[in-house]
Each structure stands twice: as C-alpha cells, then as structure tokens.
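Source file: run12.cif (mmCIF, C-alpha atoms)
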```cif
data_data
#
loop_
_atom_site.label_atom_id
_atom_site.label_comp_id
_atom_site.auth_asym_id
_atom_site.auth_seq_id
_atom_site.Cartn_x
_atom_site.Cartn_y
_atom_site.Cartn_z
CA MET O 119 -179.47 -64.70 58.95
CA THR O 120 -176.70 -67.29 59.13
CA SER O 121 -173.56 -66.77 57.10
CA ILE O 122 -170.42 -68.55 55.98
CA SER O 123 -167.26 -66.58 56.69
CA GLY O 124 -169.48 -63.53 57.16
CA ALA O 125 -170.96 -63.79 53.67
CA GLU O 126 -174.69 -64.00 52.98
CA MET O 127 -176.24 -65.88 50.08
CA VAL O 128 -177.27 -62.50 48.66
CA ASP O 129 -175.47 -59.21 49.21
CA TRP O 130 -178.62 -57.12 49.54
CA ASN O 131 -176.82 -53.78 49.75
CA LEU O 132 -174.98 -54.59 46.55
CA ALA O 133 -178.28 -55.54 44.90
CA VAL O 134 -179.68 -52.10 45.76
CA ALA O 135 -176.52 -50.33 44.60
CA THR O 136 -176.41 -52.27 41.33
CA ALA O 137 -180.06 -51.71 40.51
CA THR O 138 -179.82 -48.01 41.35
CA ARG O 139 -176.76 -47.63 39.14
CA LEU O 140 -178.18 -49.54 36.16
CA VAL O 141 -181.82 -48.45 36.16
CA ARG O 142 -182.72 -46.22 33.25
CA PRO O 143 -183.12 -42.52 33.98
CA GLY O 144 -186.69 -41.34 34.23
CA PRO O 145 -188.34 -38.88 31.86
CA GLU O 146 -187.07 -35.32 31.86
CA VAL O 147 -189.10 -33.06 34.10
CA THR O 148 -188.35 -29.78 35.80
CA ARG O 149 -188.24 -29.51 39.57
CA ASP O 150 -191.60 -27.74 39.56
CA GLU O 151 -193.12 -30.40 37.29
CA ALA O 152 -191.84 -33.16 39.59
CA ARG O 153 -193.38 -31.48 42.64
CA ALA O 154 -196.67 -31.05 40.82
CA VAL O 155 -196.74 -34.75 39.83
CA VAL O 156 -196.06 -35.86 43.40
CA ALA O 157 -198.75 -33.57 44.79
CA GLU O 158 -201.30 -34.70 42.21
CA LEU O 159 -200.63 -38.39 42.82
CA ARG O 160 -201.06 -37.92 46.56
CA GLY O 161 -204.33 -36.09 45.96
CA HIS O 162 -205.56 -38.79 43.56
CA ALA O 163 -204.70 -41.48 46.11
CA ARG O 164 -206.94 -39.76 48.68
CA THR O 165 -209.73 -39.32 46.14
CA SER O 166 -209.43 -42.92 44.96
CA GLU O 167 -209.83 -44.22 48.51
CA ARG O 168 -213.35 -42.78 48.71
CA HIS O 169 -214.33 -43.97 45.22
CA VAL O 170 -213.04 -47.51 45.79
CA ARG O 171 -214.73 -47.89 49.18
CA GLU O 172 -218.06 -46.67 47.82
CA PHE O 173 -217.93 -48.97 44.81
CA THR O 174 -216.66 -52.15 46.49
CA ARG O 175 -218.57 -51.85 49.77
CA MET O 176 -215.79 -53.87 51.39
CA ILE O 177 -215.61 -51.52 54.37
CA PRO O 178 -218.94 -50.88 56.15
CA GLU O 179 -219.78 -47.23 56.68
CA GLY O 180 -218.36 -46.02 59.96
CA ALA O 181 -215.95 -48.94 60.31
CA THR O 182 -212.30 -48.22 61.05
CA VAL O 183 -209.47 -50.00 59.28
CA PRO O 184 -205.68 -49.73 59.67
CA ASP O 185 -204.29 -46.71 57.88
CA THR O 186 -201.35 -47.37 55.60
CA PRO O 187 -199.02 -44.75 54.12
CA VAL O 188 -199.07 -43.69 50.49
CA LEU O 189 -195.53 -43.09 49.24
CA VAL O 190 -194.71 -41.45 45.93
CA VAL O 191 -191.28 -42.82 45.05
CA ASP O 192 -188.73 -42.79 42.27
CA ARG O 193 -187.25 -45.92 40.72
CA ALA O 194 -184.52 -46.18 43.35
CA GLY O 195 -187.14 -45.95 46.10
CA TRP O 196 -189.09 -48.80 44.52
CA VAL O 197 -185.91 -50.89 44.41
CA LYS O 198 -185.17 -50.30 48.10
CA ALA O 199 -188.70 -51.21 49.15
CA ASN O 200 -188.73 -54.42 47.14
CA VAL O 201 -185.27 -55.54 48.21
CA ALA O 202 -186.43 -55.16 51.82
CA GLY O 203 -189.54 -57.21 51.03
CA PHE O 204 -187.60 -59.91 49.20
CA ARG O 205 -185.13 -60.17 52.05
CA GLU O 206 -187.91 -60.59 54.59
CA LEU O 207 -189.73 -63.26 52.58
CA LEU O 208 -186.69 -65.18 51.37
CA MET O 209 -184.87 -65.36 54.69
CA PRO O 210 -186.05 -68.92 55.55
CA LEU O 211 -185.20 -70.25 52.09
CA LEU O 212 -181.79 -68.56 51.98
CA GLY O 213 -180.98 -69.89 55.45
CA LYS O 214 -181.80 -73.38 54.23
CA MET O 215 -179.68 -72.92 51.11
CA GLN O 216 -176.88 -71.48 53.23
CA ASP O 217 -176.78 -74.62 55.37
CA ARG O 218 -176.73 -76.82 52.29
CA ARG O 219 -173.95 -74.76 50.72
CA ALA O 220 -171.85 -75.03 53.91
CA ASN O 221 -171.85 -78.82 53.61
CA ALA O 222 -171.14 -78.87 49.87
CA PRO O 223 -167.65 -79.27 48.38
CA GLY O 224 -166.16 -75.81 47.94
CA GLY O 225 -168.93 -74.25 50.00
CA ALA O 226 -166.56 -72.01 51.94
CA VAL O 227 -165.08 -70.65 48.72
CA LEU O 228 -168.53 -70.00 47.27
CA GLY O 229 -169.45 -68.22 50.48
CA ALA O 230 -166.62 -65.76 49.94
CA PHE O 231 -167.96 -64.32 46.71
CA GLY O 232 -171.29 -65.98 45.89
CA GLY O 233 -173.33 -63.42 47.79
CA LYS O 234 -171.78 -60.56 45.84
CA VAL O 235 -172.31 -62.29 42.50
CA THR O 236 -175.94 -62.97 43.34
CA GLY O 237 -176.36 -59.42 44.64
CA VAL O 238 -175.14 -57.99 41.35
CA GLU O 239 -177.37 -60.29 39.31
CA LEU O 240 -180.44 -59.59 41.45
CA GLY O 241 -179.69 -55.89 41.09
CA MET O 242 -179.64 -56.26 37.30
CA LEU O 243 -183.09 -57.84 37.35
CA LEU O 244 -184.50 -55.21 39.68
CA SER O 245 -183.18 -52.45 37.44
CA PHE O 246 -185.20 -54.00 34.60
CA LEU O 247 -188.38 -54.19 36.67
CA ALA O 248 -187.98 -50.79 38.33
CA SER O 249 -188.70 -48.91 35.12
CA ARG O 250 -191.92 -50.84 34.44
CA VAL O 251 -193.94 -50.81 37.66
CA LEU O 252 -196.47 -47.98 37.96
CA GLY O 253 -197.62 -48.73 41.48
CA GLN O 254 -197.62 -51.48 44.06
CA TYR O 255 -199.13 -52.28 47.43
CA GLU O 256 -195.95 -53.46 49.14
CA THR O 257 -197.07 -55.89 51.81
CA PHE O 258 -194.16 -57.57 53.54
CA ALA O 259 -191.19 -55.24 53.97
CA PRO O 260 -190.51 -53.94 57.48
CA ALA O 261 -190.74 -50.21 58.09
CA SER O 262 -187.63 -48.07 57.75
CA ARG O 263 -186.81 -44.40 58.17
CA ASP O 264 -187.06 -43.76 54.42
CA LEU O 265 -189.96 -46.14 53.75
CA PRO O 266 -192.49 -46.15 56.60
CA SER O 267 -195.34 -48.65 56.78
CA SER O 268 -198.33 -49.17 59.04
CA ALA O 269 -198.21 -51.10 62.30
CA ALA O 270 -200.13 -53.87 60.56
CA GLY O 271 -197.67 -53.85 57.66
CA GLY O 272 -198.06 -52.49 54.18
CA ARG O 273 -197.65 -49.32 52.18
CA LEU O 274 -198.82 -48.09 48.81
CA LEU O 275 -196.04 -47.16 46.40
CA LEU O 276 -196.69 -44.93 43.37
CA VAL O 277 -193.67 -44.78 41.05
CA ALA O 278 -193.88 -41.24 39.70
CA PRO O 279 -191.30 -41.38 36.85
CA ASN O 280 -192.86 -44.54 35.41
CA ILE O 281 -196.35 -43.05 35.49
CA VAL O 282 -195.13 -39.94 33.68
CA HIS O 283 -193.21 -42.07 31.16
CA VAL O 284 -196.22 -44.21 30.29
CA GLU O 285 -198.69 -41.33 30.05
CA ARG O 286 -196.34 -39.61 27.60
CA GLU O 287 -195.76 -42.82 25.65
CA LEU O 288 -199.49 -43.47 25.32
CA GLU O 289 -200.24 -39.80 24.65
CA VAL O 290 -203.14 -39.72 27.11
CA ALA O 291 -204.38 -36.96 29.42
CA PRO O 292 -201.98 -36.90 32.41
CA HIS O 293 -204.63 -35.97 34.99
CA ASP O 294 -206.91 -38.80 33.87
CA PHE O 295 -204.14 -41.37 33.62
CA ARG O 296 -202.77 -40.62 37.09
CA LEU O 297 -206.20 -40.97 38.67
CA TRP O 298 -206.82 -44.18 36.70
CA VAL O 299 -203.59 -45.72 38.01
CA CYS O 300 -204.44 -44.67 41.57
CA LEU O 301 -207.84 -46.35 41.36
CA HIS O 302 -206.19 -49.68 40.56
CA GLU O 303 -203.55 -49.41 43.27
CA GLU O 304 -205.98 -48.08 45.89
CA THR O 305 -208.10 -51.19 45.30
CA HIS O 306 -205.14 -53.32 46.38
CA ARG O 307 -204.67 -51.12 49.44
CA THR O 308 -208.36 -51.55 50.30
CA GLN O 309 -208.15 -55.31 49.84
CA PHE O 310 -205.42 -55.63 52.46
CA THR O 311 -206.76 -53.07 54.92
CA ALA O 312 -210.36 -54.32 54.76
CA VAL O 313 -209.44 -58.03 54.99
CA PRO O 314 -207.25 -58.36 58.10
CA TRP O 315 -206.36 -62.02 57.54
CA LEU O 316 -205.24 -61.63 53.91
CA ARG O 317 -201.65 -60.53 54.52
CA ALA O 318 -200.93 -63.33 57.01
CA HIS O 319 -202.59 -65.88 54.74
CA LEU O 320 -200.46 -64.90 51.75
CA GLU O 321 -197.29 -64.80 53.81
CA GLY O 322 -198.06 -68.24 55.21
CA GLU O 323 -198.62 -69.69 51.74
CA ILE O 324 -195.40 -68.14 50.44
CA GLN O 325 -193.37 -69.39 53.39
CA THR O 326 -194.80 -72.89 52.96
CA PHE O 327 -193.94 -72.70 49.27
CA LEU O 328 -190.36 -71.68 50.03
CA GLY O 329 -190.06 -74.21 52.83
CA ALA O 330 -190.91 -76.99 50.38
CA THR O 331 -188.08 -75.99 48.05
CA GLU O 332 -185.62 -78.80 47.50
CA VAL O 333 -183.11 -77.41 45.07
CA ASP O 334 -179.36 -77.10 44.89
CA PRO O 335 -178.28 -73.50 45.53
CA MET O 336 -176.27 -73.44 42.32
CA THR O 337 -179.42 -74.25 40.34
CA VAL O 338 -181.14 -71.15 41.69
CA LEU O 339 -178.05 -69.03 41.05
CA GLU O 340 -177.87 -70.35 37.50
CA ARG O 341 -181.50 -69.37 36.84
CA ILE O 342 -180.81 -65.85 38.13
CA ARG O 343 -177.70 -65.75 35.94
CA GLU O 344 -179.71 -66.73 32.85
CA ALA O 345 -182.18 -63.93 33.49
CA ALA O 346 -179.42 -61.42 34.18
CA GLN O 347 -177.60 -62.39 30.99
CA SER O 348 -180.81 -61.88 29.05
CA PHE O 349 -181.11 -58.41 30.55
CA ALA O 350 -177.51 -57.63 29.62
CA GLY O 351 -178.11 -58.79 26.05
CA ALA O 352 -175.74 -61.74 26.30
CA ARG O 353 -178.57 -64.23 25.75
CA PRO O 354 -181.22 -62.49 23.61
CA ASP O 355 -182.63 -65.86 22.62
CA ALA O 356 -183.11 -67.09 26.19
CA GLU O 357 -186.87 -66.85 26.19
CA ARG O 358 -187.39 -69.76 28.57
CA GLY O 359 -185.53 -71.89 31.04
CA ASP O 360 -185.12 -75.64 30.83
CA ASP O 361 -188.07 -77.53 29.30
CA GLY O 362 -189.72 -74.23 28.34
CA ARG O 363 -190.63 -73.40 31.94
CA SER O 364 -190.26 -70.11 33.75
CA LEU O 365 -187.78 -69.38 36.51
CA VAL O 366 -190.46 -69.90 39.17
CA GLU O 367 -191.63 -73.20 37.74
CA LEU O 368 -188.13 -74.66 37.72
CA VAL O 369 -187.96 -74.85 41.52
CA GLN O 370 -191.28 -76.58 42.13
CA THR O 371 -191.88 -79.79 44.02
CA PRO O 372 -195.31 -81.50 43.82
CA GLU O 373 -196.26 -79.80 47.10
CA GLN O 374 -195.17 -76.46 45.71
CA ARG O 375 -197.29 -76.93 42.61
CA GLU O 376 -200.37 -77.23 44.82
CA ILE O 377 -199.41 -74.12 46.78
CA LEU O 378 -198.60 -72.22 43.60
CA GLY O 379 -202.05 -73.11 42.27
CA ARG O 380 -203.62 -71.53 45.35
CA LEU O 381 -201.37 -68.48 45.13
CA THR O 382 -202.16 -68.07 41.45
CA ALA O 383 -205.87 -68.11 42.22
CA VAL O 384 -205.51 -65.49 44.95
CA MET O 385 -203.35 -63.24 42.80
CA SER O 386 -205.79 -63.59 39.90
CA LEU O 387 -208.58 -62.56 42.27
CA LEU O 388 -206.69 -59.54 43.60
CA GLU O 389 -205.53 -58.31 40.19
CA GLY O 390 -208.83 -59.02 38.46
CA HIS O 391 -210.77 -57.30 41.23
CA ALA O 392 -208.56 -54.21 40.88
CA ASP O 393 -209.17 -54.10 37.12
CA PHE O 394 -212.91 -54.61 37.64
CA VAL O 395 -213.08 -51.76 40.16
CA MET O 396 -210.97 -49.52 37.95
CA ASP O 397 -213.37 -50.11 35.06
CA GLY O 398 -216.41 -49.70 37.29
CA VAL O 399 -215.34 -46.41 38.84
CA GLY O 400 -213.46 -45.04 35.85
CA PRO O 401 -216.36 -43.91 33.63
CA GLN O 402 -217.74 -41.69 36.41
CA VAL O 403 -214.49 -39.95 37.34
CA VAL O 404 -212.02 -40.40 34.44
CA PRO O 405 -213.39 -38.73 31.29
CA SER O 406 -210.96 -40.42 28.89
CA VAL O 407 -211.04 -43.85 30.54
CA ALA O 408 -212.03 -45.72 27.35
CA GLU O 409 -209.03 -44.37 25.44
CA ILE O 410 -206.66 -45.02 28.35
CA ARG O 411 -207.91 -48.58 28.83
CA GLU O 412 -207.58 -49.46 25.15
CA LYS O 413 -204.08 -48.05 24.79
CA PHE O 414 -202.87 -49.52 28.07
CA GLN O 415 -204.20 -52.97 27.26
CA GLN O 416 -202.31 -52.89 23.97
CA ARG O 417 -199.15 -51.86 25.76
CA ARG O 418 -199.60 -54.48 28.49
CA ALA O 419 -200.08 -57.26 25.94
CA SER O 420 -197.27 -56.31 23.58
CA GLY O 421 -194.44 -55.48 25.98
CA ALA O 422 -191.50 -53.47 24.69
CA GLY O 423 -189.73 -55.78 22.27
CA ARG O 424 -188.06 -59.15 22.06
CA LEU O 425 -185.77 -58.76 25.07
CA ASP O 426 -188.66 -57.57 27.22
CA ALA O 427 -190.73 -60.57 26.15
CA ALA O 428 -187.82 -62.93 26.86
CA LEU O 429 -187.40 -61.68 30.40
CA ARG O 430 -191.13 -61.68 31.04
CA LYS O 431 -191.31 -65.35 30.11
CA LEU O 432 -188.18 -66.33 32.00
CA LEU O 433 -189.39 -64.58 35.16
CA GLY O 434 -192.95 -65.81 34.80
CA LEU O 435 -194.31 -62.28 34.31
CA ASP O 436 -196.40 -63.36 31.33
CA ALA O 437 -198.48 -65.36 33.83
CA LYS O 438 -199.30 -62.09 35.59
CA LEU O 439 -200.92 -60.80 32.40
CA ARG O 440 -203.21 -63.83 32.39
CA GLN O 441 -204.05 -63.13 36.04
CA TYR O 442 -205.45 -59.72 35.14
CA ARG O 443 -207.62 -61.16 32.38
CA ASP O 444 -208.80 -64.35 34.10
CA GLY O 445 -209.36 -62.67 37.45
CA GLU O 446 -211.35 -59.81 35.99
CA ARG O 447 -213.56 -62.28 34.12
CA PHE O 448 -214.17 -64.20 37.37
CA VAL O 449 -215.12 -61.07 39.32
CA ARG O 450 -217.39 -59.78 36.57
CA ALA O 451 -219.21 -63.13 36.29
CA VAL O 452 -219.73 -63.50 40.04
CA VAL O 453 -220.93 -59.92 40.52
CA GLY O 454 -223.27 -60.41 37.58
CA GLN O 455 -224.78 -63.48 39.25
CA VAL O 456 -224.90 -62.60 42.97
CA GLY O 457 -224.20 -58.86 43.09
CA MET O 458 -221.40 -56.97 44.81
CA ASP O 459 -222.38 -58.01 48.33
CA GLY O 460 -222.62 -61.62 47.20
CA PHE O 461 -219.19 -61.37 45.62
CA ASN O 462 -217.76 -59.86 48.81
CA ARG O 463 -218.29 -63.17 50.57
CA VAL O 464 -214.99 -64.08 48.88
CA TRP O 465 -213.28 -62.07 51.63
CA THR O 466 -214.89 -64.01 54.51
CA SER O 467 -212.00 -66.43 55.13
CA PRO O 468 -209.32 -68.39 53.26
CA ASN O 469 -211.97 -71.09 52.71
CA THR O 470 -214.08 -68.74 50.58
CA LEU O 471 -211.23 -67.75 48.27
CA PRO O 472 -211.65 -69.21 44.77
CA THR O 473 -209.56 -72.16 43.70
CA LYS O 474 -207.58 -72.03 40.49
CA ALA O 475 -210.28 -74.14 38.81
CA GLU O 476 -213.01 -71.82 40.08
CA ILE O 477 -211.26 -68.80 38.59
CA ASP O 478 -211.95 -70.46 35.23
CA ARG O 479 -215.46 -71.57 36.26
CA PRO O 480 -217.02 -68.81 38.40
CA ALA O 481 -220.35 -70.66 38.63
CA ASP O 482 -218.58 -73.39 40.61
CA TRP O 483 -217.49 -70.84 43.21
CA VAL O 484 -221.04 -69.46 43.43
CA ALA O 485 -222.41 -72.97 43.90
CA ARG O 486 -219.85 -73.81 46.61
CA VAL O 487 -220.06 -70.58 48.59
CA HIS O 488 -223.70 -69.58 48.08
CA GLY O 489 -225.31 -72.94 47.41
CA LYS O 490 -227.06 -73.71 44.13
CA GLY O 491 -230.45 -72.56 45.40
CA SER O 492 -229.09 -69.87 47.70
CA GLU O 493 -230.49 -66.40 47.88
CA GLY O 494 -227.25 -65.28 49.53
CA GLY O 495 -225.87 -61.87 48.65
CA GLY O 496 -229.17 -60.00 48.63
CA GLU O 497 -228.68 -58.81 45.07
CA ARG O 498 -228.82 -62.08 43.23
CA ARG O 499 -230.03 -61.85 39.68
CA GLU O 500 -229.80 -63.96 36.57
CA GLY O 501 -226.34 -63.67 35.02
#
```
Turn this file's structure into structure tokens for me.
Amino acid sequence: MTSISGAEMVDWNLAVATATRLVRPGPEVTRDEARAVVAELRGHARTSERHVREFTRMIPEGATVPDTPVLVVDRAGWVKANVAGFRELLMPLLGKMQDRRANAPGGAVLGAFGGKVTGVELGMLLSFLASRVLGQYETFAPASRDLPSSAAGGRLLLVAPNIVHVERELEVAPHDFRLWVCLHEETHRTQFTAVPWLRAHLEGEIQTFLGATEVDPMTVLERIREAAQSFAGARPDAERGDDGRSLVELVQTPEQREILGRLTAVMSLLEGHADFVMDGVGPQVVPSVAEIREKFQQRRASGAGRLDAALRKLLGLDAKLRQYRDGERFVRAVVGQVGMDGFNRVWTSPNTLPTKAEIDRPADWVARVHGKGSEGGGERREG
C-alpha cells in the first residue's frame, strides 16, 4: 500500500492494539470451564455441519467441497481477524484516498499523524463490536499463523466469551444455545463452501462499490470520529449522521446506491437463509429452541440501551436486523412455493440471486427464475 512519509491512512496495528485494550473483559470462567466451552463449540460445529447439509441439500451426497477451519476465538482474536479482512478489502479505497490526500493542502502533515488517529478511532469501534458478535464466517482475510484459513479463503469464527455472556444473560440452557448458534454460523460456512462463485462475486461487488467512492478523505475520517465519540460517550445524542443517514449511506454515489441495493439483497438472502435453517433444524436437535428463539429475538431487537442504539444506527447495523427478518421471510415464502430444491436454484449463478425488490416480493423471483407455469424444483406446491 502506498504511503506518505511512511504513514498509512490507517495504522492497522494501532487499531488492533486499541481495540484489544478497550474491549470489555469477557465473563468470568475458570480455566477448566473455558476449555470445556471451546471443546463443546468445536463438537457442535462438527455436528451442525451434518444437520445443515441434510436440511439444505446444497451439497449433493458424495460431493466434495473445500474444507474451511473452525476457530474458537476470544474477543481479541475476532478483532485481529476482522482488521485483516478490513485491510484486504479497503486497500484499493485507501490507496485512492492516499493519493488524493497527497495532493491536498497540508497532506504531508496529515500523513504524519492521520493514520494513527484513524487507527485509534477504528480500534474504538472494533472494541464495541467485538463484545457483540457471537460467530462469523470470515471470508476475505488472508491466512496467518494465528488465524489459518482454507486455500479457497474463509474460516468460521466462534467467539466463545460472547456466547457464554449471552447464554447467561438470557438464562437459557448452555448446551442448547451453543448448538443453536453453531447451526446459524455453519449455514454461512455451507453457503460459501457449496457455492464456489459466491465469495468472488461478493468481493467483486464490494470492490466496485469502493472503487466508485468519490469522497474527501477528511469526510470519511469525520464519520469515523463521530462514531468513535459516540462510543466514548462524548456524543450520546449522535444517533445519525448528516441528513439522518448512516455512516455507510453518507459515502454513496448513484452507482454505489445500485451496488448497495444488490449487496443488501445478497446479505438479506444469506442471513435469512441462516435463520430459516436454524429454525428448521432446531426443533429436532435443540430441545429448548422455542425459548431461545423468543428471548434472542427480543434481545436482537432491543439492543443494550441508548448508546448501543445510537451506534447501531450510525454504523448502519440496524439495517442488518431488517436483513434477518426480510431475508427469512423471502426464503420461507420461496420454499413454501417451490420446495427446497426449487429454492436452491438461487445458488446457480449471480443472475439467479434475488434483487432487493424480489426480497420483498418472493413471487417475482419465482416467476423470473422458474417461470410462471414452471414445474421447476420438483417439489412445487401451492404456497
């Protein structure tokens, strides 16, 4: 990555150090308890793989798919993995911003300390997020000694302290809750291993989105600063950026809005599909799934207070909650109309992915992909 006077736009090492220093401590557990949690999560991940494959039928029996590692990590491990992913994805954008900054008045001065300021502020945001994520299929970060990934890219992260924290907060059966979480995350792992073009498609869309960014570097830094100040409590009323839009929306061009619409549709599909699978498999293997689902939905919707809600809005995380709901409704409607095999045609190519409008109107996707009078899917029934 290019630099000015040796300084990057973001000091990534400082971001990791800041997030690791500021992230809240996890729940108190003994060494033996921690080992037992790690072992159980690894076992549940293996069990979930079989359940998800049988339910989704995305991987034909006997077919081989790339194996990806399952890593049980702490909050600091999640931070390191995501900083590596952010750095990989943002490199083209930051290079572009770096060039613009070099030609701006005072650019050399900004280059001397701007990367460290941004690194600290990014670290503050990551420390906020690191205590909330239960699991994640991390798709883009390169492999490292501490965080291996498959040759095709990708690794499943299960954040053990957060899972323990939430299961205690909700007062649910730990064994059931851990398996329930693994079912959701294993679905994401299956999506990317069973659909070989999906990772490259998403990366291409994101890079096109970033390549279309036409924004002054100081504008981006200011948005990060607003979010960081909210985290620090300096701006508890900063629920939204300018014009009531989220941080992501503030950097959109017309071209980006089109790309973001496609990305939103894909993410709604992936998240909704994971929730649908979790609900479909759960009753057979998770005895207390109804209680867990109800309590978790309440927690997901309410957040953890005013500051949490402010940051969620500023970062656009409230949109992710809609993705779960809208995507799950789309998957349920399509499966109800054309069956699981008919739904799985969504994974055929980028052309069969739903549009943002089709997420809201599943029948339109069925009509486009299957044809109004089609018998495609083999399991079609009135829905």
> So what does the PyMOL selection byres ((chain O and resi 294-311) around 8) actually pick up in this one, as a ChimeraX atom specification?
Replying inline: /O:158-159,162-163,166-167,169-171,176,183-186,252-255,273-274,276,281,285,290-293,312-314,316-317,388-389,391-393,395-396,399-400,404-407,410
Those residues with C-alpha atoms, as a compact mmCIF listing (two decimals), in the frame of the given file please?
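What landed in again_23.txt:
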```txt
# COMPACT_ATOMS: atom_id res chain seq x y z
CA GLU O 158 -201.30 -34.70 42.21
CA LEU O 159 -200.63 -38.39 42.82
CA HIS O 162 -205.56 -38.79 43.56
CA ALA O 163 -204.70 -41.48 46.11
CA SER O 166 -209.43 -42.92 44.96
CA GLU O 167 -209.83 -44.22 48.51
CA HIS O 169 -214.33 -43.97 45.22
CA VAL O 170 -213.04 -47.51 45.79
CA ARG O 171 -214.73 -47.89 49.18
CA MET O 176 -215.79 -53.87 51.39
CA VAL O 183 -209.47 -50.00 59.28
CA PRO O 184 -205.68 -49.73 59.67
CA ASP O 185 -204.29 -46.71 57.88
CA THR O 186 -201.35 -47.37 55.60
CA LEU O 252 -196.47 -47.98 37.96
CA GLY O 253 -197.62 -48.73 41.48
CA GLN O 254 -197.62 -51.48 44.06
CA TYR O 255 -199.13 -52.28 47.43
CA ARG O 273 -197.65 -49.32 52.18
CA LEU O 274 -198.82 -48.09 48.81
CA LEU O 276 -196.69 -44.93 43.37
CA ILE O 281 -196.35 -43.05 35.49
CA GLU O 285 -198.69 -41.33 30.05
CA VAL O 290 -203.14 -39.72 27.11
CA ALA O 291 -204.38 -36.96 29.42
CA PRO O 292 -201.98 -36.90 32.41
CA HIS O 293 -204.63 -35.97 34.99
CA ALA O 312 -210.36 -54.32 54.76
CA VAL O 313 -209.44 -58.03 54.99
CA PRO O 314 -207.25 -58.36 58.10
CA LEU O 316 -205.24 -61.63 53.91
CA ARG O 317 -201.65 -60.53 54.52
CA LEU O 388 -206.69 -59.54 43.60
CA GLU O 389 -205.53 -58.31 40.19
CA HIS O 391 -210.77 -57.30 41.23
CA ALA O 392 -208.56 -54.21 40.88
CA ASP O 393 -209.17 -54.10 37.12
CA VAL O 395 -213.08 -51.76 40.16
CA MET O 396 -210.97 -49.52 37.95
CA VAL O 399 -215.34 -46.41 38.84
CA GLY O 400 -213.46 -45.04 35.85
CA VAL O 404 -212.02 -40.40 34.44
CA PRO O 405 -213.39 -38.73 31.29
CA SER O 406 -210.96 -40.42 28.89
CA VAL O 407 -211.04 -43.85 30.54
CA ILE O 410 -206.66 -45.02 28.35
```
>> So, with only C-alpha atoms as the atoms that count, which of O:Glu289, O:Glu376, O:Glu256, O:Glu206 lies closest to Lys413 (chain O)?
In response: O:Glu289
>> Residues within 10 Å of (-184.8, -46.0, 34.4), file coordinates, counting only C-alpha atoms: what are they? Give the list as a VMD selection string.
In response: chain O and resid 137 to 145 192 to 194 245 to 250 279 to 280 283
> Could you state the separation of CA of Val155 (chain O) and CA of Leu189 (chain O) in Å, given to one decimal place?
Replying inline: 12.6 Å
> Between CA of Met385 (chain O) and CA of Phe258 (chain O), what is the distance, to one decimal in Å?
Replying inline: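 According to the coordinates, CA of Met385 (chain O) and CA of Phe258 (chain O) are separated by 15.2 Å.
Taking CA of Ala278 (chain O) and CA of Asp397 (chain O) as the two end points, the separation is 21.9 Å.
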> For Trp315 (chain O), which of O:Val284, O:Leu471, O:Leu212, O:Ala135 is the closest residue, counting only C-alpha atoms?
Replying inline: O:Leu471
> Near Lys234 (chain O), within 7 Å and counting only C-alpha atoms, which residues show up once chain neighbours fewer than 6 positions away are dropped, as number ranges by chain?
Replying inline: O: 128-129, 132
Taking the file as I've supplied it (selection: the PyMOL selection byres ((chain O and resi 201) around 9)), which residues are included? Please answer as a PDB file with C-alpha atoms, in the coordinates of the input.
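Output file out_21.pdb is given in full below:
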```pdb
ATOM      1  CA  TRP O 130    -178.620 -57.120  49.540  1.00  0.00           C
ATOM      2  CA  ASN O 131    -176.820 -53.780  49.750  1.00  0.00           C
ATOM      3  CA  ALA O 133    -178.280 -55.540  44.900  1.00  0.00           C
ATOM      4  CA  VAL O 134    -179.680 -52.100  45.760  1.00  0.00           C
ATOM      5  CA  TRP O 196    -189.090 -48.800  44.520  1.00  0.00           C
ATOM      6  CA  VAL O 197    -185.910 -50.890  44.410  1.00  0.00           C
ATOM      7  CA  LYS O 198    -185.170 -50.300  48.100  1.00  0.00           C
ATOM      8  CA  ALA O 199    -188.700 -51.210  49.150  1.00  0.00           C
ATOM      9  CA  ASN O 200    -188.730 -54.420  47.140  1.00  0.00           C
ATOM     10  CA  ALA O 202    -186.430 -55.160  51.820  1.00  0.00           C
ATOM     11  CA  GLY O 203    -189.540 -57.210  51.030  1.00  0.00           C
ATOM     12  CA  PHE O 204    -187.600 -59.910  49.200  1.00  0.00           C
ATOM     13  CA  ARG O 205    -185.130 -60.170  52.050  1.00  0.00           C
ATOM     14  CA  GLU O 206    -187.910 -60.590  54.590  1.00  0.00           C
ATOM     15  CA  LEU O 244    -184.500 -55.210  39.680  1.00  0.00           C
ATOM     16  CA  ALA O 259    -191.190 -55.240  53.970  1.00  0.00           C
TER      17      ALA O 259
END
```
> Which protein, DNA or RNA residues have an atom at most 12 Å from (-206.6, -76.4, 36.7), counting all atoms listed in the file? List them as number ranges by chain.
Replying inline: O: 375-376, 378-380, 382-383, 472-479
Kindly save the residues from that selection, with C-alpha atoms included, as a PDB file, keeping the file's coordinate frame.
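The resulting file, again_33.pdb, is shown below:
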```
ATOM      1  CA  ARG O 375    -197.290 -76.930  42.610  1.00  0.00           C
ATOM      2  CA  GLU O 376    -200.370 -77.230  44.820  1.00  0.00           C
ATOM      3  CA  LEU O 378    -198.600 -72.220  43.600  1.00  0.00           C
ATOM      4  CA  GLY O 379    -202.050 -73.110  42.270  1.00  0.00           C
ATOM      5  CA  ARG O 380    -203.620 -71.530  45.350  1.00  0.00           C
ATOM      6  CA  THR O 382    -202.160 -68.070  41.450  1.00  0.00           C
ATOM      7  CA  ALA O 383    -205.870 -68.110  42.220  1.00  0.00           C
ATOM      8  CA  PRO O 472    -211.650 -69.210  44.770  1.00  0.00           C
ATOM      9  CA  THR O 473    -209.560 -72.160  43.700  1.00  0.00           C
ATOM     10  CA  LYS O 474    -207.580 -72.030  40.490  1.00  0.00           C
ATOM     11  CA  ALA O 475    -210.280 -74.140  38.810  1.00  0.00           C
ATOM     12  CA  GLU O 476    -213.010 -71.820  40.080  1.00  0.00           C
ATOM     13  CA  ILE O 477    -211.260 -68.800  38.590  1.00  0.00           C
ATOM     14  CA  ASP O 478    -211.950 -70.460  35.230  1.00  0.00           C
ATOM     15  CA  ARG O 479    -215.460 -71.570  36.260  1.00  0.00           C
TER      16      ARG O 479
END
```
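Each of O:Val403, O:Ala451, O:Ala408, O:Leu320 was compared to Thr165 (chain O) using all atoms listed in the file, and O:Val403 turns out to be the nearest.
Proximity ranking of O:Thr136, O:Phe461, O:Asn469, O:Leu208 relative to Gln325 (chain O) places O:Leu208 first, based on only C-alpha atoms.
Nearest to Leu275 (chain O) of all the residues O:Met458, O:Met209, O:Val147, O:Val251 is O:Val251, based on only C-alpha atoms.
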Give, as AutoDock Vina command-line options, the centre coordinates and the x, y and z edge lengths in Å to one decimal for an axis-aligned box around all listed atoms of region 461-475 of chain O, padded by 8 Å on each side.
```
--center_x -213.4 --center_y -67.0 --center_z 47.0 --size_x 27.6 --size_y 30.3 --size_z 32.3
```
